[in-house]
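Visitor: There's a structure below that I have some questions on.
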Amino acid sequence: MKTKVSILFYAKRAKASVNGLVPIYTRITINGKRIELSTNRFVEISKWSTEAGKMKGTSEEARSINNHLDLLKVQIIDAQMELIHKKIPITSETLKSKILGVDERARMLVPIFQDHNNKIKELVGKEYAPGTLERYKTSLSHTIEFLQWKYNISDIDITKIDHAFITDYEFWLRSVRNCANNTAVKYIKNFSKIIKICLANNWIERNPFANYKSKVKEVERVYLTETEIQNIIEKDFKTERLSLVRDIFLFSCFTGLAYIDVKNLTKSHISFGIDGEKWIFTHRQKTESASKIPILPVTQMIIDKYSDHPQSVNEDKLLPILSNQKMNAYLKEIAGVCEIEKELTFHIARHTFATTVTLTNGVPIESVSKMLGHKNLRTTQHYAKVLDKKVSEDMMILREKFISKENMRNVNNG
């Protein structure tokens with residue numbers, strides 16, 4: 001898009017001096033944005049021509065002031081042409097700096113990104129989860145690697161980031177880094193937050209994401225069926241470690257809590273709910289949203305089983321949970337022993353709670369969403385989409401209605 005620059009000289013009546021003189025200002029408009037600069041010249045308001053944008057008459061004073069304004073106009077145009085020659089975007093900031101002879105130091109991407117990450121780090125545990133910081137640290141690392149790969153540089157002026165930069169970055173993530181679609185989209189989304197910071201501070205005028213589109217592909221969520229859950233419950237494990245992992249996995253299956261949220265649970269998180277029964281009251285570490293979950297019989301059995309476990313007592317934890325890495329490693333063993341042909345991970349327990357344990361058994365999606373700690377219902381609806389059984393049941397009701405109507409019609413016709 002061509003940059004449109006207009007120049008206007010005017011007498012600023014609001015700043016009239018005690019002796020009746022008013023200062024002459026120049027107003028430069030760049031694509032609708034204005035900057036105003038003093039010309040350091042003054043004039044009697046009666047001698048100023050608003051239409052012509054200069055002093056009236058041919059007096060020595062008029063010639064001197066008008067020549068000065070003409071010279072300023074030439075300087076503004078020269079500054080504009082110099083920016084074009086140097087391929088520097090013409091903005092209110094760059095043009096003003098050039099006119100005033102101020103060489104504004106280029107704002108570089110990496111320090112801005114790093115400053116953002118430093119602020120996230122300070123707010124970990126208050127507004128952000130540790131995982132959020134790790135994701136942005138990885139995003140910065142990927143950005144630096146891309147700059148080296150594409151431009152053979154370690155940093156870039158933010159004004160040089162355009163649409164081509166974004167699409168090349170996405171291509172690099174997908175090809176060189178071999179990121180899956182959703183992973184690449186998430187890294188680009190993280191990068192877009194840095195661009196939004198630059199736009200909010202008026203460091204750049206054009207949004208390089210303006211014509212960029214990406215779409216997160218819906219991932220099919222793996223969950224256990226009722227039969228598979230029962231197989232795990234009934235299996236007699238010979239080793240204590242597999243028995244422990246099985247129990248904690250089942251605890252998550254019947255509460256919907258993610259690994260980190262189970263790990264953070266203490267006995268103080270259990271209290272009596274509105275119905276007088278025991279509930280778990282906690283906050284999801286990932287989103288800081290509240291989760292309030294009624295305790296089912298199987299959940300209470302697991303809590304009771306490990307209430308006196310040395311690790312639970314010494315660390316003031318509700319359950320003696322292992323590291324996420326070990327949990328997932330042992331769950332693969334459990335899947336093999338129980339003949340479950342799914343890649344069993346701890347997070348599948350959360351999916352199982354949302355589908356097999358609650359939605360399949362008729363728990364309203366609004367209640368499931370609240371227990372999962374989702375901030376909006378759309379997130380929970382992803383689970384509802386995978387329930388072919390629910391679709392079958394709903395269509396069965398509709399089928400019965402049509403059969404009833406058809407029977408009534410046959411009776412009437414008979």
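Labels for the structure tokens follow display order: chains A, B, ..., residues from 1 in each chain, ligands from 1.
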Enumerate as a list in words all residues of region 278-354 of chain A assigned to strand (DSSP E or B) by DSSP on the backbone, naming them with the chain letters and numbers the document uses.
Guide: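 Reading the DSSP output for region 278-354 of chain A, strand (DSSP E or B) covers Lys278, Trp279, Ile280, Phe281, Thr282, His283, Ala290, Ser291, Lys292, Ile293 and Pro294 of chain A.
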Visitor: Extract, using only C-alpha atoms, all DNA, RNA and protein residues at most 9 Å from region 74-85 of chain A, discarding same-chain residues fewer than 6 positions from it, and format them as an MDAnalysis selection string.
Guide: chainID A and resid 5 7 28 94:96 98:99
Visitor: Could you dump the residues just selected with all heavy atoms as an mmCIF file, in the first residue's frame?
Guide:
```cif
data_model
loop_
_atom_site.group_PDB
_atom_site.id
_atom_site.type_symbol
_atom_site.label_atom_id
_atom_site.label_comp_id
_atom_site.auth_asym_id
_atom_site.auth_seq_id
_atom_site.Cartn_x
_atom_site.Cartn_y
_atom_site.Cartn_z
ATOM 1 N N VAL A 5 1.239 10.994 2.341
ATOM 2 C CA VAL A 5 1.753 12.024 3.251
ATOM 3 C C VAL A 5 1.245 13.383 2.807
ATOM 4 O O VAL A 5 1.374 13.755 1.634
ATOM 5 C CB VAL A 5 3.290 12.026 3.275
ATOM 6 C CG1 VAL A 5 3.804 13.095 4.233
ATOM 7 C CG2 VAL A 5 3.832 10.653 3.680
ATOM 8 N N ILE A 7 1.121 17.703 3.981
ATOM 9 C CA ILE A 7 1.774 18.711 4.829
ATOM 10 C C ILE A 7 0.900 19.964 4.875
ATOM 11 O O ILE A 7 0.446 20.453 3.843
ATOM 12 C CB ILE A 7 3.170 19.074 4.257
ATOM 13 C CG1 ILE A 7 4.012 17.789 4.113
ATOM 14 C CG2 ILE A 7 3.885 20.077 5.153
ATOM 15 C CD1 ILE A 7 5.232 17.974 3.231
ATOM 16 N N ILE A 28 1.792 17.168 9.774
ATOM 17 C CA ILE A 28 2.097 16.155 8.769
ATOM 18 C C ILE A 28 1.188 14.963 9.021
ATOM 19 O O ILE A 28 1.170 14.413 10.126
ATOM 20 C CB ILE A 28 3.581 15.717 8.852
ATOM 21 C CG1 ILE A 28 4.496 16.941 8.819
ATOM 22 C CG2 ILE A 28 3.922 14.758 7.728
ATOM 23 C CD1 ILE A 28 5.926 16.641 9.227
ATOM 24 N N THR A 94 9.114 7.322 12.352
ATOM 25 C CA THR A 94 10.339 7.365 11.541
ATOM 26 C C THR A 94 10.511 8.708 10.842
ATOM 27 O O THR A 94 11.624 9.234 10.763
ATOM 28 C CB THR A 94 10.338 6.230 10.494
ATOM 29 O OG1 THR A 94 9.173 6.344 9.658
ATOM 30 C CG2 THR A 94 10.348 4.875 11.154
ATOM 31 N N LEU A 95 9.401 9.279 10.356
ATOM 32 C CA LEU A 95 9.497 10.569 9.663
ATOM 33 C C LEU A 95 9.838 11.691 10.639
ATOM 34 O O LEU A 95 10.676 12.554 10.347
ATOM 35 C CB LEU A 95 8.190 10.870 8.930
ATOM 36 C CG LEU A 95 8.207 12.102 7.999
ATOM 37 C CD1 LEU A 95 9.325 11.988 6.973
ATOM 38 C CD2 LEU A 95 6.871 12.287 7.308
ATOM 39 N N LYS A 96 9.229 11.668 11.804
ATOM 40 C CA LYS A 96 9.514 12.691 12.815
ATOM 41 C C LYS A 96 10.977 12.635 13.242
ATOM 42 O O LYS A 96 11.650 13.670 13.365
ATOM 43 C CB LYS A 96 8.599 12.496 14.026
ATOM 44 C CG LYS A 96 8.757 13.558 15.099
ATOM 45 C CD LYS A 96 7.760 13.322 16.232
ATOM 46 C CE LYS A 96 7.898 14.366 17.334
ATOM 47 N NZ LYS A 96 6.940 14.138 18.427
ATOM 48 N N LYS A 98 13.486 11.501 11.509
ATOM 49 C CA LYS A 98 14.336 11.933 10.396
ATOM 50 C C LYS A 98 14.326 13.459 10.269
ATOM 51 O O LYS A 98 15.376 14.082 10.063
ATOM 52 C CB LYS A 98 13.842 11.277 9.106
ATOM 53 C CG LYS A 98 14.684 11.576 7.877
ATOM 54 C CD LYS A 98 16.134 11.167 8.037
ATOM 55 C CE LYS A 98 16.316 9.684 8.181
ATOM 56 N NZ LYS A 98 17.742 9.319 8.280
ATOM 57 N N ILE A 99 13.155 14.068 10.428
ATOM 58 C CA ILE A 99 13.053 15.532 10.326
ATOM 59 C C ILE A 99 13.836 16.215 11.444
ATOM 60 O O ILE A 99 14.536 17.203 11.224
ATOM 61 C CB ILE A 99 11.563 15.973 10.375
ATOM 62 C CG1 ILE A 99 10.825 15.491 9.118
ATOM 63 C CG2 ILE A 99 11.446 17.487 10.505
ATOM 64 C CD1 ILE A 99 9.314 15.573 9.244
#
```
Visitor: Which neighbours of Asn182 (chain A) fall inside 8 Å, counting only C-alpha atoms, when residues of the same chain fewer than 3 positions from it are skipped, and could you give them as a ChimeraX atom specification?
Guide: /A:185-186,215-217
Visitor: Taking only C-alpha atoms into account, which of A:Asn181, A:Gln285, A:Phe9, A:Ser46 comes nearest Pro130 (chain A)?
Guide: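 Ranked by minimum distance to Pro130 (chain A), first place goes to A:Gln285.
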Visitor: Please identify all polymer residues within 12 Å of Lys119 (chain A), counting only C-alpha atoms, omitting same-chain residues fewer than 5 positions from it, and present them as a PyMOL selection string.
Guide: chain A and resi 112-114+124+126-128+132-133+136-137
Visitor: Which residue, A:Tyr25, A:Pro294, A:Tyr330, A:Thr39, has the smallest gap to Arg13 (chain A) when you use only C-alpha atoms?
Guide: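 Of A:Tyr25, A:Pro294, A:Tyr330, A:Thr39, the one nearest Arg13 (chain A), counting only C-alpha atoms, is A:Tyr25.
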Visitor: What's around Asp247 (chain A) at 10 Å? Count only C-alpha atoms, leave out sequence neighbours fewer than 3 positions away in its own chain, and write the answer as a short mmCIF file (atom, residue, chain, number, x, y, z; two decimals) with all heavy atoms, in the first residue's frame.
Guide:
```
data_model
loop_
_atom_site.label_atom_id
_atom_site.label_comp_id
_atom_site.auth_asym_id
_atom_site.auth_seq_id
_atom_site.Cartn_x
_atom_site.Cartn_y
_atom_site.Cartn_z
N ILE A 232 -8.91 -52.98 34.05
CA ILE A 232 -7.83 -52.41 34.86
C ILE A 232 -8.15 -52.53 36.34
O ILE A 232 -7.29 -52.85 37.17
CB ILE A 232 -7.58 -50.93 34.47
CG1 ILE A 232 -7.03 -50.84 33.04
CG2 ILE A 232 -6.59 -50.26 35.44
CD1 ILE A 232 -6.87 -49.42 32.53
N ILE A 233 -9.43 -52.29 36.70
CA ILE A 233 -9.85 -52.38 38.10
C ILE A 233 -9.68 -53.81 38.63
O ILE A 233 -9.19 -54.03 39.75
CB ILE A 233 -11.32 -51.92 38.25
CG1 ILE A 233 -11.44 -50.40 38.01
CG2 ILE A 233 -11.86 -52.26 39.65
CD1 ILE A 233 -12.87 -49.89 37.99
N ARG A 241 4.43 -51.24 42.52
CA ARG A 241 4.52 -50.02 41.69
C ARG A 241 3.39 -49.98 40.65
O ARG A 241 2.77 -48.91 40.44
CB ARG A 241 5.87 -49.91 41.01
CG ARG A 241 6.21 -51.03 40.04
CD ARG A 241 7.55 -50.83 39.36
NE ARG A 241 7.90 -51.98 38.54
CZ ARG A 241 7.48 -52.15 37.29
NH1 ARG A 241 6.69 -51.25 36.74
NH2 ARG A 241 7.83 -53.23 36.61
N LEU A 242 3.09 -51.12 40.01
CA LEU A 242 2.00 -51.13 39.02
C LEU A 242 0.64 -50.97 39.68
O LEU A 242 -0.25 -50.30 39.15
CB LEU A 242 2.04 -52.43 38.20
CG LEU A 242 3.19 -52.60 37.21
CD1 LEU A 242 3.03 -53.87 36.40
CD2 LEU A 242 3.30 -51.39 36.27
N SER A 243 0.50 -51.53 40.86
CA SER A 243 -0.75 -51.39 41.60
C SER A 243 -0.98 -49.92 41.98
O SER A 243 -2.10 -49.40 41.88
CB SER A 243 -0.71 -52.26 42.85
OG SER A 243 -1.91 -52.15 43.58
N LEU A 244 0.11 -49.26 42.43
CA LEU A 244 0.02 -47.84 42.80
C LEU A 244 -0.34 -46.99 41.60
O LEU A 244 -1.25 -46.13 41.67
CB LEU A 244 1.36 -47.39 43.38
CG LEU A 244 1.54 -45.88 43.60
CD1 LEU A 244 0.58 -45.38 44.67
CD2 LEU A 244 2.97 -45.54 43.98
N LEU A 250 -6.71 -44.56 37.98
CA LEU A 250 -8.16 -44.68 38.16
C LEU A 250 -8.73 -43.49 38.92
O LEU A 250 -9.85 -43.03 38.64
CB LEU A 250 -8.48 -45.99 38.92
CG LEU A 250 -8.29 -47.28 38.12
CD1 LEU A 250 -8.47 -48.48 39.03
CD2 LEU A 250 -9.26 -47.34 36.94
N PHE A 251 -7.96 -42.99 39.88
CA PHE A 251 -8.39 -41.79 40.62
C PHE A 251 -8.64 -40.65 39.64
O PHE A 251 -9.64 -39.93 39.74
CB PHE A 251 -7.29 -41.38 41.62
CG PHE A 251 -7.60 -40.13 42.40
CD1 PHE A 251 -8.31 -40.19 43.58
CD2 PHE A 251 -7.17 -38.88 41.94
CE1 PHE A 251 -8.60 -39.03 44.31
CE2 PHE A 251 -7.45 -37.72 42.66
CZ PHE A 251 -8.18 -37.80 43.84
N SER A 252 -7.75 -40.49 38.66
CA SER A 252 -7.92 -39.44 37.65
C SER A 252 -9.09 -39.74 36.72
O SER A 252 -9.81 -38.83 36.30
CB SER A 252 -6.64 -39.27 36.84
OG SER A 252 -6.77 -38.20 35.92
N CYS A 253 -9.29 -41.03 36.41
CA CYS A 253 -10.43 -41.44 35.57
C CYS A 253 -11.77 -41.05 36.19
O CYS A 253 -12.74 -40.77 35.49
CB CYS A 253 -10.40 -42.95 35.33
SG CYS A 253 -9.17 -43.52 34.15
N VAL A 298 -15.45 -45.17 44.20
CA VAL A 298 -14.14 -45.71 43.82
C VAL A 298 -13.03 -44.71 44.16
O VAL A 298 -11.93 -45.10 44.57
CB VAL A 298 -14.11 -46.10 42.32
CG1 VAL A 298 -14.25 -44.87 41.43
CG2 VAL A 298 -12.83 -46.85 41.98
N THR A 299 -13.34 -43.43 44.02
CA THR A 299 -12.37 -42.38 44.36
C THR A 299 -12.06 -42.40 45.85
O THR A 299 -10.90 -42.32 46.27
CB THR A 299 -12.91 -40.98 43.97
OG1 THR A 299 -13.43 -41.03 42.64
CG2 THR A 299 -11.82 -39.93 44.04
N MET A 301 -12.34 -44.91 47.92
CA MET A 301 -11.62 -46.13 48.25
C MET A 301 -10.11 -45.94 48.03
O MET A 301 -9.29 -46.38 48.84
CB MET A 301 -12.12 -47.30 47.39
CG MET A 301 -13.46 -47.86 47.83
SD MET A 301 -14.10 -49.10 46.66
CE MET A 301 -12.80 -50.31 46.75
N ILE A 302 -9.76 -45.25 46.94
CA ILE A 302 -8.34 -45.01 46.64
C ILE A 302 -7.74 -44.03 47.64
O ILE A 302 -6.62 -44.23 48.12
CB ILE A 302 -8.19 -44.48 45.18
CG1 ILE A 302 -8.62 -45.55 44.19
CG2 ILE A 302 -6.74 -44.04 44.91
CD1 ILE A 302 -8.79 -45.07 42.77
N ILE A 303 -8.50 -43.01 48.02
CA ILE A 303 -8.03 -42.04 49.02
C ILE A 303 -7.75 -42.75 50.35
O ILE A 303 -6.71 -42.54 50.99
CB ILE A 303 -9.05 -40.90 49.21
CG1 ILE A 303 -9.13 -40.05 47.93
CG2 ILE A 303 -8.66 -40.01 50.40
CD1 ILE A 303 -10.28 -39.03 47.93
N LYS A 305 -7.17 -45.90 50.85
CA LYS A 305 -6.10 -46.89 50.71
C LYS A 305 -4.73 -46.30 50.96
O LYS A 305 -3.84 -46.96 51.53
CB LYS A 305 -6.16 -47.50 49.30
CG LYS A 305 -5.15 -48.60 49.05
CD LYS A 305 -5.34 -49.22 47.67
CE LYS A 305 -4.31 -50.32 47.40
NZ LYS A 305 -4.50 -50.94 46.07
N TYR A 306 -4.55 -45.03 50.56
CA TYR A 306 -3.22 -44.42 50.66
C TYR A 306 -3.13 -43.30 51.71
O TYR A 306 -2.18 -42.54 51.73
CB TYR A 306 -2.80 -43.86 49.29
CG TYR A 306 -2.60 -44.96 48.27
CD1 TYR A 306 -3.60 -45.27 47.35
CD2 TYR A 306 -1.42 -45.70 48.24
CE1 TYR A 306 -3.44 -46.29 46.43
CE2 TYR A 306 -1.24 -46.72 47.32
CZ TYR A 306 -2.26 -47.02 46.42
OH TYR A 306 -2.07 -48.03 45.51
N LEU A 319 -2.15 -38.29 47.68
CA LEU A 319 -1.74 -39.57 47.09
C LEU A 319 -0.24 -39.59 46.85
O LEU A 319 0.36 -38.55 46.53
CB LEU A 319 -2.47 -39.79 45.76
CG LEU A 319 -4.00 -39.94 45.84
CD1 LEU A 319 -4.60 -39.91 44.45
CD2 LEU A 319 -4.40 -41.21 46.57
N ILE A 321 2.06 -39.94 44.51
CA ILE A 321 2.20 -39.99 43.06
C ILE A 321 3.67 -39.99 42.64
O ILE A 321 4.51 -39.34 43.26
CB ILE A 321 1.44 -38.81 42.41
CG1 ILE A 321 1.30 -39.01 40.91
CG2 ILE A 321 2.09 -37.48 42.76
CD1 ILE A 321 0.27 -38.07 40.28
#
```
Visitor: Just the number, please: distance in Å from CA of His269 (chain A) to CA of His283 (chain A), one decimal.
Guide: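 CA of His269 (chain A) sits 9.7 Å away from CA of His283 (chain A).
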Visitor: Find the spatial neighbours of Lys150 (chain A), counting only C-alpha atoms, within a cut-off of 10 Å - ignore same-chain residues fewer than 5 positions away - and output them as a ChimeraX atom specification.
Guide: /A:145,165,168-169,172
Visitor: Since we have the selection now, will you write its residues out, keeping N, CA, C and O atoms, as a PDB file, in the first residue's frame?
Guide:
```
ATOM      1  N   GLU A 145      16.393 -19.741  15.982  1.00  0.00           N
ATOM      2  CA  GLU A 145      16.867 -20.750  15.025  1.00  0.00           C
ATOM      3  C   GLU A 145      16.386 -20.430  13.619  1.00  0.00           C
ATOM      4  O   GLU A 145      17.134 -20.575  12.641  1.00  0.00           O
ATOM      5  N   PHE A 165       7.564 -13.139   6.228  1.00  0.00           N
ATOM      6  CA  PHE A 165       8.284 -13.637   7.399  1.00  0.00           C
ATOM      7  C   PHE A 165       7.445 -14.684   8.126  1.00  0.00           C
ATOM      8  O   PHE A 165       7.938 -15.752   8.486  1.00  0.00           O
ATOM      9  N   ASP A 168       7.037 -17.919   6.018  1.00  0.00           N
ATOM     10  CA  ASP A 168       8.321 -18.639   5.987  1.00  0.00           C
ATOM     11  C   ASP A 168       8.601 -19.308   7.334  1.00  0.00           C
ATOM     12  O   ASP A 168       9.141 -20.423   7.397  1.00  0.00           O
ATOM     13  N   TYR A 169       8.243 -18.610   8.408  1.00  0.00           N
ATOM     14  CA  TYR A 169       8.438 -19.158   9.752  1.00  0.00           C
ATOM     15  C   TYR A 169       7.585 -20.410   9.932  1.00  0.00           C
ATOM     16  O   TYR A 169       8.038 -21.439  10.440  1.00  0.00           O
ATOM     17  N   TRP A 172       9.088 -23.255   8.039  1.00  0.00           N
ATOM     18  CA  TRP A 172      10.261 -23.782   8.747  1.00  0.00           C
ATOM     19  C   TRP A 172       9.835 -24.702   9.891  1.00  0.00           C
ATOM     20  O   TRP A 172      10.410 -25.774  10.090  1.00  0.00           O
TER      21      TRP A 172
END
```
Visitor: Set out as a Markdown table a contact list for region 246-281 of chain A and region 353-361 of chain A with a cut-off of 7 Å, giving each residue of region 246-281 of chain A that qualifies its closest atom pair and distance in Å to one decimal, counting only C-alpha atoms, ordered by chain and rising residue number.
Guide:
```
| residue | atom | partner | partner_atom | distance |
| --- | --- | --- | --- | --- |
| A:Cys253 | CA | A:Phe353 | CA | 4.8 |
| A:Phe254 | CA | A:Phe353 | CA | 5.6 |
| A:Thr255 | CA | A:Phe353 | CA | 6.6 |
| A:Gly256 | CA | A:Phe353 | CA | 5.1 |
```
Visitor: Create the file for the chosen residues now, containing all heavy atoms and written as a PDB file, in the first residue's frame.
Guide:
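Result went into part01.pdb, see below:
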```pdb
ATOM      1  N   CYS A 253      -9.293 -41.032  36.410  1.00  0.00           N
ATOM      2  CA  CYS A 253     -10.426 -41.436  35.565  1.00  0.00           C
ATOM      3  C   CYS A 253     -11.767 -41.053  36.193  1.00  0.00           C
ATOM      4  O   CYS A 253     -12.741 -40.766  35.489  1.00  0.00           O
ATOM      5  CB  CYS A 253     -10.404 -42.950  35.326  1.00  0.00           C
ATOM      6  SG  CYS A 253      -9.172 -43.517  34.153  1.00  0.00           S
ATOM      7  N   PHE A 254     -11.823 -41.058  37.541  1.00  0.00           N
ATOM      8  CA  PHE A 254     -13.087 -40.784  38.232  1.00  0.00           C
ATOM      9  C   PHE A 254     -13.146 -39.383  38.850  1.00  0.00           C
ATOM     10  O   PHE A 254     -14.098 -39.072  39.560  1.00  0.00           O
ATOM     11  CB  PHE A 254     -13.343 -41.864  39.288  1.00  0.00           C
ATOM     12  CG  PHE A 254     -13.722 -43.186  38.684  1.00  0.00           C
ATOM     13  CD1 PHE A 254     -12.761 -44.146  38.405  1.00  0.00           C
ATOM     14  CD2 PHE A 254     -15.040 -43.453  38.363  1.00  0.00           C
ATOM     15  CE1 PHE A 254     -13.099 -45.361  37.835  1.00  0.00           C
ATOM     16  CE2 PHE A 254     -15.398 -44.672  37.789  1.00  0.00           C
ATOM     17  CZ  PHE A 254     -14.429 -45.621  37.509  1.00  0.00           C
ATOM     18  N   THR A 255     -12.133 -38.554  38.565  1.00  0.00           N
ATOM     19  CA  THR A 255     -12.171 -37.148  39.013  1.00  0.00           C
ATOM     20  C   THR A 255     -11.931 -36.171  37.866  1.00  0.00           C
ATOM     21  O   THR A 255     -12.316 -35.003  37.947  1.00  0.00           O
ATOM     22  CB  THR A 255     -11.094 -36.868  40.089  1.00  0.00           C
ATOM     23  OG1 THR A 255      -9.794 -37.137  39.534  1.00  0.00           O
ATOM     24  CG2 THR A 255     -11.316 -37.707  41.333  1.00  0.00           C
ATOM     25  N   GLY A 256     -11.279 -36.640  36.789  1.00  0.00           N
ATOM     26  CA  GLY A 256     -10.998 -35.773  35.643  1.00  0.00           C
ATOM     27  C   GLY A 256      -9.812 -34.853  35.857  1.00  0.00           C
ATOM     28  O   GLY A 256      -9.558 -33.956  35.040  1.00  0.00           O
TER      29      GLY A 256
END
```
Visitor: Nearest to Ser154 (chain A) among A:Met108, A:Leu37, A:Val222, A:Cys198, with distances taken over only C-alpha atoms: which residue is it?
Guide: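 Among the listed residues, A:Met108 lies closest to Ser154 (chain A).
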Visitor: Do a neighbour search on Asp308 (chain A) at 12 Å with only C-alpha atoms, toss out local chain neighbours closer than 5 positions, and write the hits as a list in words.
Guide: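 In the requested form, the answer reads Lys267, Ile302, Ile303, Val313, Asn314, Glu315, Asp316, Lys317, Leu318, Leu319 and Pro320 of chain A.
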Visitor: Write out, as a compact mmCIF listing (two decimals), in the first residue's frame, the residues just selected, with C-alpha atoms.
Guide:
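This went into result_16.txt:
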```txt
# COMPACT_ATOMS: atom_id res chain seq x y z
CA LYS A 267 -6.10 -33.54 52.40
CA ILE A 302 -8.34 -45.01 46.64
CA ILE A 303 -8.03 -42.04 49.02
CA VAL A 313 2.14 -38.43 55.33
CA ASN A 314 5.70 -37.06 54.97
CA GLU A 315 4.94 -34.79 51.99
CA ASP A 316 1.40 -33.84 53.08
CA LYS A 317 -0.03 -35.20 49.83
CA LEU A 318 -3.38 -36.86 49.24
CA LEU A 319 -1.74 -39.57 47.09
CA PRO A 320 1.86 -40.86 46.75
```
Visitor: Looking at A:Ser404, A:Thr138, A:Gln300, A:Thr3, which one is nearest to Asn190 (chain A), with distances taken over only C-alpha atoms?
Guide: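 Checking each candidate against Asn190 (chain A), we get A:Thr138 as the closest.
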Visitor: Just to confirm, what's the straight-line distance from CA of Ile188 (chain A) to CA of Arg284 (chain A) in Å (one decimal)?
Guide: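 CA of Arg284 (chain A) lies at a distance of 25.1 Å from CA of Ile188 (chain A).
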Visitor: Calculate how many Å separate CA of Leu296 (chain A) from CA of Gly273 (chain A), rounding to one decimal.
Guide: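 Those two atoms sit 12.7 Å apart.
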Visitor: Determine which residues of region 245-341 of chain A DSSP labels as helix (DSSP H, G or I) from the backbone of this structure, then write them out as a PyMOL selection string.
Guide: chain A and resi 245-253+259-263+267-269+297-305+310-314+324-337
Visitor: Pick the closest to Leu199 (chain A) from A:Val363, A:Ile248, A:Ala349, A:Ile158: which is it, counting only C-alpha atoms?
Guide: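 When distances to Leu199 (chain A) are compared using only C-alpha atoms, the smallest one comes from A:Ile158.
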